[in-house]
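Coordinates from protein_15.cif are shown below (mmCIF, C-alpha atoms).
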```cif
data_my_file
loop_
_atom_site.group_PDB
_atom_site.id
_atom_site.type_symbol
_atom_site.label_atom_id
_atom_site.label_comp_id
_atom_site.auth_asym_id
_atom_site.auth_seq_id
_atom_site.Cartn_x
_atom_site.Cartn_y
_atom_site.Cartn_z
ATOM 1 C CA MET A 227 165.494 49.422 98.045
ATOM 2 C CA THR A 228 162.827 49.792 100.677
ATOM 3 C CA ILE A 229 159.188 50.403 99.932
ATOM 4 C CA ARG A 230 156.189 50.639 102.197
ATOM 5 C CA LEU A 231 153.781 47.884 101.226
ATOM 6 C CA ASN A 232 150.361 47.924 102.879
ATOM 7 C CA GLY A 233 151.781 49.915 105.739
ATOM 8 C CA LYS A 234 154.879 47.779 106.360
ATOM 9 C CA PRO A 235 158.460 48.459 105.278
ATOM 10 C CA VAL A 236 159.654 45.817 102.798
ATOM 11 C CA GLU A 237 163.148 45.237 101.371
ATOM 12 C CA LEU A 238 163.087 44.382 97.690
ATOM 13 C CA GLU A 239 165.800 43.711 95.127
ATOM 14 C CA GLY A 240 165.348 43.428 91.387
ATOM 15 C CA ILE A 241 161.700 44.517 91.349
ATOM 16 C CA ALA A 242 161.348 47.286 88.805
ATOM 17 C CA THR A 243 157.630 47.464 88.017
ATOM 18 C CA VAL A 244 154.216 46.923 89.553
ATOM 19 C CA SER A 245 153.773 43.771 87.526
ATOM 20 C CA ALA A 246 157.093 42.420 88.851
ATOM 21 C CA LEU A 247 155.956 43.227 92.373
ATOM 22 C CA LEU A 248 152.691 41.341 91.877
ATOM 23 C CA ALA A 249 154.599 38.397 90.393
ATOM 24 C CA HIS A 250 157.013 38.416 93.338
ATOM 25 C CA TYR A 251 154.111 37.900 95.727
ATOM 26 C CA ASN A 252 152.302 35.585 93.342
ATOM 27 C CA LEU A 253 149.294 37.885 93.031
ATOM 28 C CA GLN A 254 148.815 37.986 89.263
ATOM 29 C CA GLN A 255 145.582 35.991 89.353
ATOM 30 C CA LYS A 256 144.036 37.949 92.216
ATOM 31 C CA ILE A 257 141.179 40.415 92.012
ATOM 32 C CA LEU A 258 142.921 43.436 93.467
ATOM 33 C CA VAL A 259 143.674 47.100 92.989
ATOM 34 C CA VAL A 260 147.069 48.758 93.341
ATOM 35 C CA GLU A 261 147.726 52.269 94.515
ATOM 36 C CA ARG A 262 151.183 53.816 94.193
ATOM 37 C CA ASN A 263 151.910 56.921 96.243
ATOM 38 C CA GLY A 264 148.216 57.681 96.456
ATOM 39 C CA GLU A 265 147.518 57.187 92.733
ATOM 40 C CA ILE A 266 145.569 54.209 91.453
ATOM 41 C CA VAL A 267 147.577 52.172 88.962
ATOM 42 C CA ASP A 268 145.426 51.076 86.054
ATOM 43 C CA ARG A 269 145.754 47.379 85.330
ATOM 44 C CA SER A 270 146.884 48.128 81.794
ATOM 45 C CA ALA A 271 149.770 50.153 83.265
ATOM 46 C CA TYR A 272 151.261 47.517 85.606
ATOM 47 C CA GLU A 273 154.079 46.727 83.169
ATOM 48 C CA ARG A 274 155.190 50.290 82.726
ATOM 49 C CA THR A 275 154.647 51.630 86.236
ATOM 50 C CA PRO A 276 157.980 51.664 88.080
ATOM 51 C CA ILE A 277 158.529 50.695 91.692
ATOM 52 C CA MET A 278 161.083 52.974 93.289
ATOM 53 C CA ASP A 279 162.818 53.302 96.605
ATOM 54 C CA GLY A 280 160.516 54.945 99.143
ATOM 55 C CA ASP A 281 157.308 54.175 97.250
ATOM 56 C CA LYS A 282 154.145 53.715 99.232
ATOM 57 C CA ILE A 283 152.196 50.876 97.718
ATOM 58 C CA GLU A 284 148.741 49.774 98.735
ATOM 59 C CA ILE A 285 147.285 46.538 97.415
ATOM 60 C CA VAL A 286 143.611 46.179 98.271
ATOM 61 C CA HIS A 287 140.848 43.717 97.549
ATOM 62 C CA PHE A 288 137.200 43.013 98.306
ATOM 63 C CA VAL A 289 136.410 41.510 101.681
ATOM 64 C CA GLY A 290 133.137 40.723 103.426
ATOM 65 C CA GLY A 291 131.343 43.823 104.630
ATOM 66 C CA GLY A 292 127.911 45.317 105.026
ATOM 67 C CA MET B 256 111.443 45.827 89.498
ATOM 68 C CA LEU B 257 113.860 47.809 91.605
ATOM 69 C CA GLN B 258 115.746 50.284 89.450
ATOM 70 C CA ILE B 259 118.913 51.932 90.739
ATOM 71 C CA GLY B 260 120.475 54.225 88.177
ATOM 72 C CA PRO B 261 120.576 52.157 84.970
ATOM 73 C CA TYR B 262 120.358 48.796 86.741
ATOM 74 C CA LYS B 263 117.217 46.751 87.312
ATOM 75 C CA PHE B 264 116.731 44.056 89.902
ATOM 76 C CA ARG B 265 114.027 41.519 90.676
ATOM 77 C CA SER B 266 115.054 41.175 94.310
ATOM 78 C CA ARG B 267 114.501 43.977 96.769
ATOM 79 C CA LEU B 268 116.747 42.442 99.391
ATOM 80 C CA LEU B 269 120.360 43.587 99.371
ATOM 81 C CA LEU B 270 122.714 41.453 101.420
ATOM 82 C CA GLY B 271 125.940 42.321 103.193
ATOM 83 C CA THR B 272 128.771 39.793 103.212
ATOM 84 C CA GLY B 273 130.447 40.464 106.563
ATOM 85 C CA LYS B 274 130.551 38.424 109.774
ATOM 86 C CA PHE B 275 129.408 35.060 108.371
ATOM 87 C CA PRO B 276 130.696 32.064 110.357
ATOM 88 C CA ASP B 277 132.259 30.449 107.268
ATOM 89 C CA LEU B 278 132.274 30.725 103.491
ATOM 90 C CA GLU B 279 130.147 27.635 102.907
ATOM 91 C CA THR B 280 127.344 28.932 105.145
ATOM 92 C CA GLN B 281 127.708 32.305 103.494
ATOM 93 C CA SER B 282 127.341 30.880 99.983
ATOM 94 C CA ARG B 283 124.221 29.003 100.972
ATOM 95 C CA ALA B 284 122.774 32.052 102.749
ATOM 96 C CA VAL B 285 123.396 34.262 99.732
ATOM 97 C CA GLU B 286 121.664 31.716 97.538
ATOM 98 C CA ALA B 287 118.709 31.376 99.925
ATOM 99 C CA SER B 288 118.301 35.156 100.103
ATOM 100 C CA GLU B 289 117.979 35.395 96.313
ATOM 101 C CA ALA B 290 119.675 38.774 96.682
ATOM 102 C CA GLU B 291 121.186 40.154 93.480
ATOM 103 C CA ILE B 292 123.160 42.958 95.079
ATOM 104 C CA LEU B 293 125.920 42.091 97.543
ATOM 105 C CA THR B 294 127.925 44.593 99.536
ATOM 106 C CA PHE B 295 131.649 44.324 100.158
ATOM 107 C CA ALA B 296 134.317 46.315 101.953
ATOM 108 C CA ILE B 297 137.694 47.317 100.490
ATOM 109 C CA ARG B 298 140.697 46.400 102.617
ATOM 110 C CA ARG B 299 144.406 45.715 102.355
ATOM 111 C CA LEU B 300 145.284 42.317 100.975
ATOM 112 C CA ASN B 301 147.231 40.241 103.480
ATOM 113 C CA ILE B 302 150.472 39.959 101.524
ATOM 114 C CA ASP B 303 151.738 37.202 103.819
ATOM 115 C CA ASN B 304 148.689 35.049 103.159
ATOM 116 C CA PRO B 305 147.241 36.110 99.822
ATOM 117 C CA ASP B 306 145.552 32.776 99.222
ATOM 118 C CA ALA B 307 143.326 32.920 102.298
ATOM 119 C CA PRO B 308 139.778 32.031 101.207
ATOM 120 C CA ASN B 309 137.981 35.038 99.795
ATOM 121 C CA PHE B 310 134.238 35.098 99.253
ATOM 122 C CA LEU B 311 134.345 37.310 96.178
ATOM 123 C CA GLU B 312 136.705 34.962 94.393
ATOM 124 C CA GLN B 313 134.247 32.090 94.851
ATOM 125 C CA LEU B 314 131.315 34.083 93.561
ATOM 126 C CA ASP B 315 129.785 33.766 90.109
ATOM 127 C CA LEU B 316 130.211 37.428 89.226
ATOM 128 C CA LYS B 317 127.760 37.177 86.342
ATOM 129 C CA LYS B 318 124.939 36.490 88.795
ATOM 130 C CA TYR B 319 125.530 39.355 91.203
ATOM 131 C CA THR B 320 125.970 43.096 91.192
ATOM 132 C CA LEU B 321 128.669 44.212 93.590
ATOM 133 C CA LEU B 322 128.014 47.117 95.891
ATOM 134 C CA PRO B 323 131.322 48.007 97.537
ATOM 135 C CA ASN B 324 131.058 50.296 100.522
ATOM 136 C CA THR B 325 133.315 52.990 101.888
ATOM 137 C CA ALA B 326 133.052 51.542 105.396
ATOM 138 C CA GLY B 327 135.822 52.639 107.684
ATOM 139 C CA ALA B 328 135.905 56.128 106.187
ATOM 140 C CA TYR B 329 135.557 58.989 108.635
ATOM 141 C CA THR B 330 136.331 61.721 106.130
ATOM 142 C CA VAL B 331 135.224 62.700 102.643
ATOM 143 C CA ASP B 332 138.728 62.075 101.275
ATOM 144 C CA GLU B 333 138.874 58.568 102.707
ATOM 145 C CA ALA B 334 135.451 57.699 101.296
ATOM 146 C CA VAL B 335 136.300 59.045 97.842
ATOM 147 C CA ARG B 336 139.625 57.224 97.838
ATOM 148 C CA ILE B 337 138.001 53.898 98.753
ATOM 149 C CA ALA B 338 135.287 54.404 96.144
ATOM 150 C CA ARG B 339 137.864 55.003 93.421
ATOM 151 C CA LEU B 340 139.809 51.917 94.442
ATOM 152 C CA ALA B 341 136.627 49.858 94.286
ATOM 153 C CA LYS B 342 135.752 51.107 90.831
ATOM 154 C CA ALA B 343 139.294 50.541 89.576
ATOM 155 C CA SER B 344 138.702 46.814 90.082
ATOM 156 C CA GLY B 345 136.651 47.037 86.912
ATOM 157 C CA LEU B 346 133.941 44.955 88.571
ATOM 158 C CA CYS B 347 131.398 47.627 89.434
ATOM 159 C CA ASP B 348 130.466 51.279 89.336
ATOM 160 C CA MET B 349 127.999 51.299 92.213
ATOM 161 C CA ILE B 350 129.177 52.566 95.575
ATOM 162 C CA LYS B 351 127.604 52.609 98.998
ATOM 163 C CA VAL B 352 128.807 55.900 100.391
ATOM 164 C CA GLU B 353 129.393 55.575 104.083
ATOM 165 C CA VAL B 354 131.101 58.348 106.021
ATOM 166 C CA ILE B 355 130.941 57.595 109.697
ATOM 167 C CA GLY B 356 130.748 60.376 112.238
ATOM 168 C CA ASP B 357 131.138 58.515 115.507
ATOM 169 C CA GLN B 358 132.898 55.315 116.456
ATOM 170 C CA ARG B 359 130.526 54.105 119.134
ATOM 171 C CA THR B 360 127.229 54.599 117.323
ATOM 172 C CA LEU B 361 128.622 54.326 113.766
ATOM 173 C CA LEU B 362 126.065 56.928 112.795
ATOM 174 C CA PRO B 363 126.788 58.645 109.482
ATOM 175 C CA ASP B 364 128.373 62.082 109.335
ATOM 176 C CA PRO B 365 125.669 63.931 107.393
ATOM 177 C CA PHE B 366 127.980 66.635 106.024
ATOM 178 C CA GLY B 367 130.679 64.199 104.959
ATOM 179 C CA THR B 368 128.097 61.879 103.424
ATOM 180 C CA LEU B 369 126.602 64.702 101.387
ATOM 181 C CA GLU B 370 129.961 65.986 100.144
ATOM 182 C CA ALA B 371 131.367 62.550 99.295
ATOM 183 C CA SER B 372 128.134 61.696 97.492
ATOM 184 C CA ARG B 373 128.299 64.908 95.473
ATOM 185 C CA ILE B 374 131.869 64.228 94.375
ATOM 186 C CA LEU B 375 131.210 60.609 93.469
ATOM 187 C CA VAL B 376 128.054 61.396 91.492
ATOM 188 C CA GLU B 377 130.106 63.923 89.554
ATOM 189 C CA GLU B 378 132.747 61.282 88.878
ATOM 190 C CA GLY B 379 130.120 59.029 87.347
ATOM 191 C CA PHE B 380 129.519 56.555 90.137
ATOM 192 C CA ILE B 381 126.094 55.074 90.798
ATOM 193 C CA VAL B 382 125.780 56.351 94.338
ATOM 194 C CA LEU B 383 123.760 54.737 97.111
ATOM 195 C CA ALA B 384 124.119 56.966 100.131
ATOM 196 C CA TYR B 385 123.930 55.421 103.582
ATOM 197 C CA THR B 386 122.382 58.184 105.613
ATOM 198 C CA ASN B 387 120.694 59.122 108.847
ATOM 199 C CA ASP B 388 116.914 58.758 108.820
ATOM 200 C CA ASP B 389 116.614 62.478 108.238
ATOM 201 C CA PRO B 390 114.104 63.600 105.604
ATOM 202 C CA ILE B 391 115.854 66.893 104.875
ATOM 203 C CA LEU B 392 119.228 65.252 104.444
ATOM 204 C CA ALA B 393 117.613 62.697 102.142
ATOM 205 C CA LYS B 394 116.357 65.597 100.028
ATOM 206 C CA ARG B 395 119.773 67.230 99.933
ATOM 207 C CA LEU B 396 121.320 63.955 98.847
ATOM 208 C CA GLN B 397 118.817 63.669 96.020
ATOM 209 C CA GLU B 398 119.623 67.224 94.980
ATOM 210 C CA VAL B 399 123.268 66.278 94.471
ATOM 211 C CA GLY B 400 122.132 63.382 92.327
ATOM 212 C CA VAL B 401 122.430 60.188 94.368
ATOM 213 C CA HIS B 402 120.772 57.177 92.768
ATOM 214 C CA ALA B 403 119.340 55.809 96.022
ATOM 215 C CA VAL B 404 119.071 56.978 99.605
ATOM 216 C CA MET B 405 119.658 54.406 102.301
ATOM 217 C CA PRO B 406 118.418 55.610 105.676
ATOM 218 C CA GLY B 407 119.397 53.535 108.664
ATOM 219 C CA ALA B 408 116.595 51.923 110.649
ATOM 220 C CA SER B 409 118.831 52.021 113.748
ATOM 221 C CA PRO B 410 122.603 51.808 114.375
ATOM 222 C CA ILE B 411 124.592 49.356 112.234
ATOM 223 C CA GLY B 412 124.522 45.824 113.597
ATOM 224 C CA SER B 413 122.316 46.800 116.547
ATOM 225 C CA GLY B 414 119.276 44.791 115.478
ATOM 226 C CA GLN B 415 117.017 47.375 117.075
ATOM 227 C CA GLY B 416 114.740 47.548 114.053
ATOM 228 C CA ILE B 417 113.009 50.716 112.901
ATOM 229 C CA LEU B 418 113.301 53.444 115.516
ATOM 230 C CA ASN B 419 111.659 56.274 113.633
ATOM 231 C CA GLU B 420 108.892 55.060 111.391
ATOM 232 C CA ASN B 421 107.638 58.539 110.923
ATOM 233 C CA ASN B 422 110.880 59.857 109.462
ATOM 234 C CA LEU B 423 111.156 56.871 107.154
ATOM 235 C CA ARG B 424 107.650 57.554 105.936
ATOM 236 C CA PHE B 425 108.522 61.200 105.253
ATOM 237 C CA ILE B 426 111.647 60.160 103.346
ATOM 238 C CA ILE B 427 109.702 57.615 101.287
ATOM 239 C CA GLU B 428 106.844 60.011 100.506
ATOM 240 C CA GLU B 429 109.187 62.662 99.166
ATOM 241 C CA ALA B 430 111.715 60.449 97.440
ATOM 242 C CA THR B 431 112.426 60.690 93.725
ATOM 243 C CA VAL B 432 114.937 57.815 93.856
ATOM 244 C CA PRO B 433 114.675 54.404 95.522
ATOM 245 C CA VAL B 434 114.724 54.354 99.317
ATOM 246 C CA ILE B 435 116.544 51.350 100.728
ATOM 247 C CA VAL B 436 116.356 50.876 104.470
ATOM 248 C CA ASP B 437 119.884 49.976 105.512
ATOM 249 C CA ALA B 438 121.277 49.023 108.911
ATOM 250 C CA GLY B 439 119.668 48.048 112.176
ATOM 251 C CA ILE B 440 117.253 45.444 110.831
ATOM 252 C CA GLY B 441 117.079 42.657 113.417
ATOM 253 C CA SER B 442 114.311 40.328 112.340
ATOM 254 C CA PRO B 443 112.068 39.483 109.395
ATOM 255 C CA ALA B 444 109.335 41.555 111.030
ATOM 256 C CA ASP B 445 111.592 44.626 110.801
ATOM 257 C CA ALA B 446 112.300 43.982 107.133
ATOM 258 C CA ALA B 447 108.621 43.438 106.347
ATOM 259 C CA LYS B 448 107.749 46.616 108.236
ATOM 260 C CA ALA B 449 110.231 48.669 106.225
ATOM 261 C CA MET B 450 108.727 47.362 103.009
ATOM 262 C CA GLU B 451 105.185 47.935 104.238
ATOM 263 C CA LEU B 452 106.093 51.546 104.895
ATOM 264 C CA GLY B 453 106.872 51.754 101.185
ATOM 265 C CA ALA B 454 110.624 51.318 101.099
ATOM 266 C CA ASP B 455 111.924 50.124 97.733
ATOM 267 C CA GLY B 456 114.347 47.705 99.317
ATOM 268 C CA VAL B 457 116.137 46.570 102.444
ATOM 269 C CA LEU B 458 119.862 46.122 102.974
ATOM 270 C CA LEU B 459 120.931 43.950 105.873
ATOM 271 C CA ASN B 460 123.867 41.855 106.975
ATOM 272 C CA THR B 461 124.241 41.111 110.686
ATOM 273 C CA ALA B 462 120.643 39.891 111.103
ATOM 274 C CA VAL B 463 121.437 37.045 108.706
ATOM 275 C CA ALA B 464 125.142 36.501 109.311
ATOM 276 C CA LEU B 465 124.850 36.181 113.076
ATOM 277 C CA ALA B 466 121.525 34.334 113.215
ATOM 278 C CA ASP B 467 121.663 30.844 114.735
ATOM 279 C CA ASP B 468 120.890 29.527 111.262
ATOM 280 C CA PRO B 469 122.024 32.106 108.706
ATOM 281 C CA VAL B 470 120.709 30.133 105.723
ATOM 282 C CA LEU B 471 117.201 29.834 107.146
ATOM 283 C CA MET B 472 117.248 33.485 108.208
ATOM 284 C CA ALA B 473 118.308 34.514 104.702
ATOM 285 C CA GLU B 474 115.247 32.763 103.327
ATOM 286 C CA ALA B 475 113.057 34.310 106.043
ATOM 287 C CA MET B 476 114.328 37.772 105.102
ATOM 288 C CA LYS B 477 113.645 37.139 101.439
ATOM 289 C CA LEU B 478 110.062 36.147 102.257
ATOM 290 C CA ALA B 479 109.636 39.082 104.653
ATOM 291 C CA VAL B 480 110.753 41.577 102.023
ATOM 292 C CA GLU B 481 108.390 40.027 99.487
ATOM 293 C CA ALA B 482 105.500 39.923 101.978
ATOM 294 C CA GLY B 483 106.095 43.513 103.049
ATOM 295 C CA ARG B 484 106.251 44.688 99.466
ATOM 296 C CA LYS B 485 103.022 42.926 98.543
ATOM 297 C CA GLY B 486 101.357 44.220 101.686
ATOM 298 C CA TYR B 487 102.373 47.745 100.751
ATOM 299 C CA LEU B 488 101.028 47.365 97.217
ATOM 300 C CA ALA B 489 97.827 45.722 98.460
ATOM 301 C CA GLY B 490 97.112 48.610 100.849
ATOM 302 C CA ARG B 491 96.532 47.830 104.478
ATOM 303 C CA ILE B 492 93.253 48.613 106.273
ATOM 304 C CA PRO B 493 93.095 51.630 108.542
ATOM 305 C CA LYS B 494 93.399 51.012 112.269
ATOM 306 C CA LYS B 495 90.157 51.338 114.251
ATOM 307 C CA ARG B 496 89.632 51.753 117.933
ATOM 308 C CA TYR B 497 86.863 49.153 118.318
ATOM 309 C CA ALA B 498 86.033 45.768 116.912
ATOM 310 C CA SER B 499 84.243 45.197 113.655
ATOM 311 C CA ALA B 500 82.842 41.653 113.351
ATOM 312 C CA SER B 501 83.982 39.607 110.403
ATOM 313 C CA SER B 502 80.965 37.283 110.589
ATOM 314 C CA PRO B 503 77.414 38.497 109.775
ATOM 315 C CA ALA B 504 75.260 39.676 112.675
ATOM 316 C CA GLU B 505 72.102 38.323 110.967
ATOM 317 C CA GLY B 506 70.955 34.713 110.842
ATOM 318 C CA MET B 507 72.069 33.742 114.312
ATOM 319 C CA ILE B 508 70.374 30.597 115.657
ATOM 320 C CA GLU B 509 68.149 31.003 118.714
#
```

Serialized structure, structure tokens:
Amino acid sequence: MTIRLNGKPVELEGIATVSALLAHYNLQQKILVVERNGEIVDRSAYERTPIMDGDKIEIVHFVGGG
Amino acid sequence: MLQIGPYKFRSRLLLGTGKFPDLETQSRAVEASEAEILTFAIRRLNIDNPDAPNFLEQLDLKKYTLLPNTAGAYTVDEAVRIARLAKASGLCDMIKVEVIGDQRTLLPDPFGTLEASRILVEEGFIVLAYTNDDPILAKRLQEVGVHAVMPGASPIGSGQGILNENNLRFIIEEATVPVIVDAGIGSPADAAKAMELGADGVLLNTAVALADDPVLMAEAMKLAVEAGRKGYLAGRIPKKRYASASSPAEGMIE
């Protein structure tokens, strides 16, 4: 399947949930927020939130700013 | 104490975390500033390099209150979306609402700022609205319930200092929430001036981050904010046209 991750098309196989996606990129320990198709995914819902073909996923974090 | 919504702070200097030359200098500057509130931006994580050094991840989060901003937003929807993402981190419920109206000047869009602030107050955020130095707009923002108004001294990162003292004074005189002068501060004198005018706090970033010695400048800003605050509380003398001798006129030797 193909998803759009932070604006770029990405090919993924065997990734069924948000938590699997985060594990795939080794992001489990990061302070971040996930948005799926414009909806924020609560951290408690990572396990049960599916990743599906065509999804638009944004993964954001805090960076320096004024 | 500076009180913003339910939160109380000893320091009246709020520090931005952008543009520092490196994380080590930044850590030392933050410490020297004694700031308790630090601003951040929300951006995409670089998936290809997720372990790039990140200032927030080095920070003792028990010591600081995070003030994420909605920088980069040009519309109400963008600002609200960024604010919600920031809050979903579970790290903070304060938000610096920033809706920019023009790319070159980075001046706030007053209508977008007001509307985004209204929505976010309703959603339960502690809202600090970055705004033009317009007294009427500051009033409107307070009417929709913002917890602090943050008029710019001059354009973001310009270092021009306070361009309209008079407007700032009007905003401060009428304010029912803290007034934090945000953006455009170039030097400690500017920060002290803002505080002497009666501002409740100063938010700055570039003036420290891009100083030749950011750590020393952070300390200078801390002292300037304290000096300005004390000067305000102490009450300055009125300005007079002519001299008034400090030494007695009597008892002069002949």

Selection result of the PyMOL selection byres ((chain B) within 7 of (chain A)) on this file, as a PyMOL selection string: chain B and resi 271-273+294-300+309+311+340+343-344+460

Distance query B:Leu392 at most 12 Å, all atoms listed in the file, self and fewer than 5 positions along chain excluded, as a list in words: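 My reading of the contact set: Pro363, Asp364, Pro365, Phe366, Gly367, Thr368, Leu369, Glu370, Ser372, Ala384, Tyr385, Thr386, Asn387, Gln397, Glu398, Val399, Val401, Val404, Met405, Pro406, Asn422, Leu423, Phe425, Ile426, Glu429 and Ala430 of chain B.
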
The PyMOL selection byres ((chain B and resi 270) around 9) on the file shown: which residues, as a list in words? Gly292 of chain A; Leu268, Leu269, Gly271, Thr272, Val285, Ser288, Ala290, Glu291, Ile292, Leu293, Thr294, Val457, Leu458, Leu459, Asn460, Val463 and Ala473 of chain B

Take the residues from that selection and write them out as a PDB file, in the frame of the given file, keeping C-alpha atoms.
```pdb
ATOM      1  CA  GLY A 292     127.911  45.317 105.026  1.00  0.00           C
TER       2      GLY A 292
ATOM      3  CA  LEU B 268     116.747  42.442  99.391  1.00  0.00           C
ATOM      4  CA  LEU B 269     120.360  43.587  99.371  1.00  0.00           C
ATOM      5  CA  GLY B 271     125.940  42.321 103.193  1.00  0.00           C
ATOM      6  CA  THR B 272     128.771  39.793 103.212  1.00  0.00           C
ATOM      7  CA  VAL B 285     123.396  34.262  99.732  1.00  0.00           C
ATOM      8  CA  SER B 288     118.301  35.156 100.103  1.00  0.00           C
ATOM      9  CA  ALA B 290     119.675  38.774  96.682  1.00  0.00           C
ATOM     10  CA  GLU B 291     121.186  40.154  93.480  1.00  0.00           C
ATOM     11  CA  ILE B 292     123.160  42.958  95.079  1.00  0.00           C
ATOM     12  CA  LEU B 293     125.920  42.091  97.543  1.00  0.00           C
ATOM     13  CA  THR B 294     127.925  44.593  99.536  1.00  0.00           C
ATOM     14  CA  VAL B 457     116.137  46.570 102.444  1.00  0.00           C
ATOM     15  CA  LEU B 458     119.862  46.122 102.974  1.00  0.00           C
ATOM     16  CA  LEU B 459     120.931  43.950 105.873  1.00  0.00           C
ATOM     17  CA  ASN B 460     123.867  41.855 106.975  1.00  0.00           C
ATOM     18  CA  VAL B 463     121.437  37.045 108.706  1.00  0.00           C
ATOM     19  CA  ALA B 473     118.308  34.514 104.702  1.00  0.00           C
TER      20      ALA B 473
END
```

For the structure shown, which residues end up in the PyMOL selection byres ((chain B and resi 329) around 6)? Put them as an NGL selection string, please? :B and (328 or 330 or 354-355)

Enter the distance from atom CA of B:Ala466 to atom CA of B:Gly483, in Å, rounded to one decimal.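 So the answer is 20.6 Å.
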
Give me the residues near A:Lys282 as JSON, numbers by chain, where near means some atom within 7 Å (using only C-alpha atoms) and where sequence neighbours in that chain fewer than 6 positions away do not count. {"A": [229, 230, 231, 262, 263]}

Would you mind reading off the distance between atom CA of B:Glu474 and atom CA of B:Thr461, one decimal, in Å? 14.3 Å

Selected residue of minimal separation from B:Gly407 among B:Leu361, B:Leu321, B:Val432, B:Leu478, counting all atoms listed in the file: B:Leu361

Show me, as a PDB file with C-alpha atoms, in the coordinates of the input, the residues that have an atom within 8 Å of B:Val382 when counting all atoms listed in the file, minus same-chain residues fewer than 5 positions from it.
```pdb
ATOM      1  CA  MET B 349     127.999  51.299  92.213  1.00  0.00           C
ATOM      2  CA  ILE B 350     129.177  52.566  95.575  1.00  0.00           C
ATOM      3  CA  LYS B 351     127.604  52.609  98.998  1.00  0.00           C
ATOM      4  CA  VAL B 352     128.807  55.900 100.391  1.00  0.00           C
ATOM      5  CA  SER B 372     128.134  61.696  97.492  1.00  0.00           C
ATOM      6  CA  LEU B 375     131.210  60.609  93.469  1.00  0.00           C
ATOM      7  CA  VAL B 376     128.054  61.396  91.492  1.00  0.00           C
ATOM      8  CA  VAL B 401     122.430  60.188  94.368  1.00  0.00           C
ATOM      9  CA  HIS B 402     120.772  57.177  92.768  1.00  0.00           C
ATOM     10  CA  ALA B 403     119.340  55.809  96.022  1.00  0.00           C
TER      11      ALA B 403
END
```

For B:Ser413, the closest of B:Asp348, B:Asp437, B:Glu377, B:Asp388 counting only C-alpha atoms is B:Asp437

Leaving out A:Thr228 and any residue of its chain fewer than 2 positions from it, which residues lie within 12 Å of it when counting all atoms listed in the file, given as a PyMOL selection string? chain A and resi 230-231+234-241+277-283

Nearest-residue call for B:Pro433, choices B:Asp468, B:Glu312, B:Asp455, B:Asp306, using all atoms listed in the file: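 Of B:Asp468, B:Glu312, B:Asp455, B:Asp306, the one nearest B:Pro433 is B:Asp455, counting all atoms listed in the file.
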
Quick check, in Å to one decimal: how far apart do atom CA of A:Val244 and atom CA of A:Arg274 lie?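 These atoms are spaced 7.7 Å apart.
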
Name the residues in contact with B:Glu481 at a cut-off of 10 Å, using all atoms listed in the file, excluding same-chain residues fewer than 5 positions from it; report them as JSON, numbers by chain. {"B": [266, 267, 268, 446, 447, 450, 451, 456, 475, 476, 486, 487]}
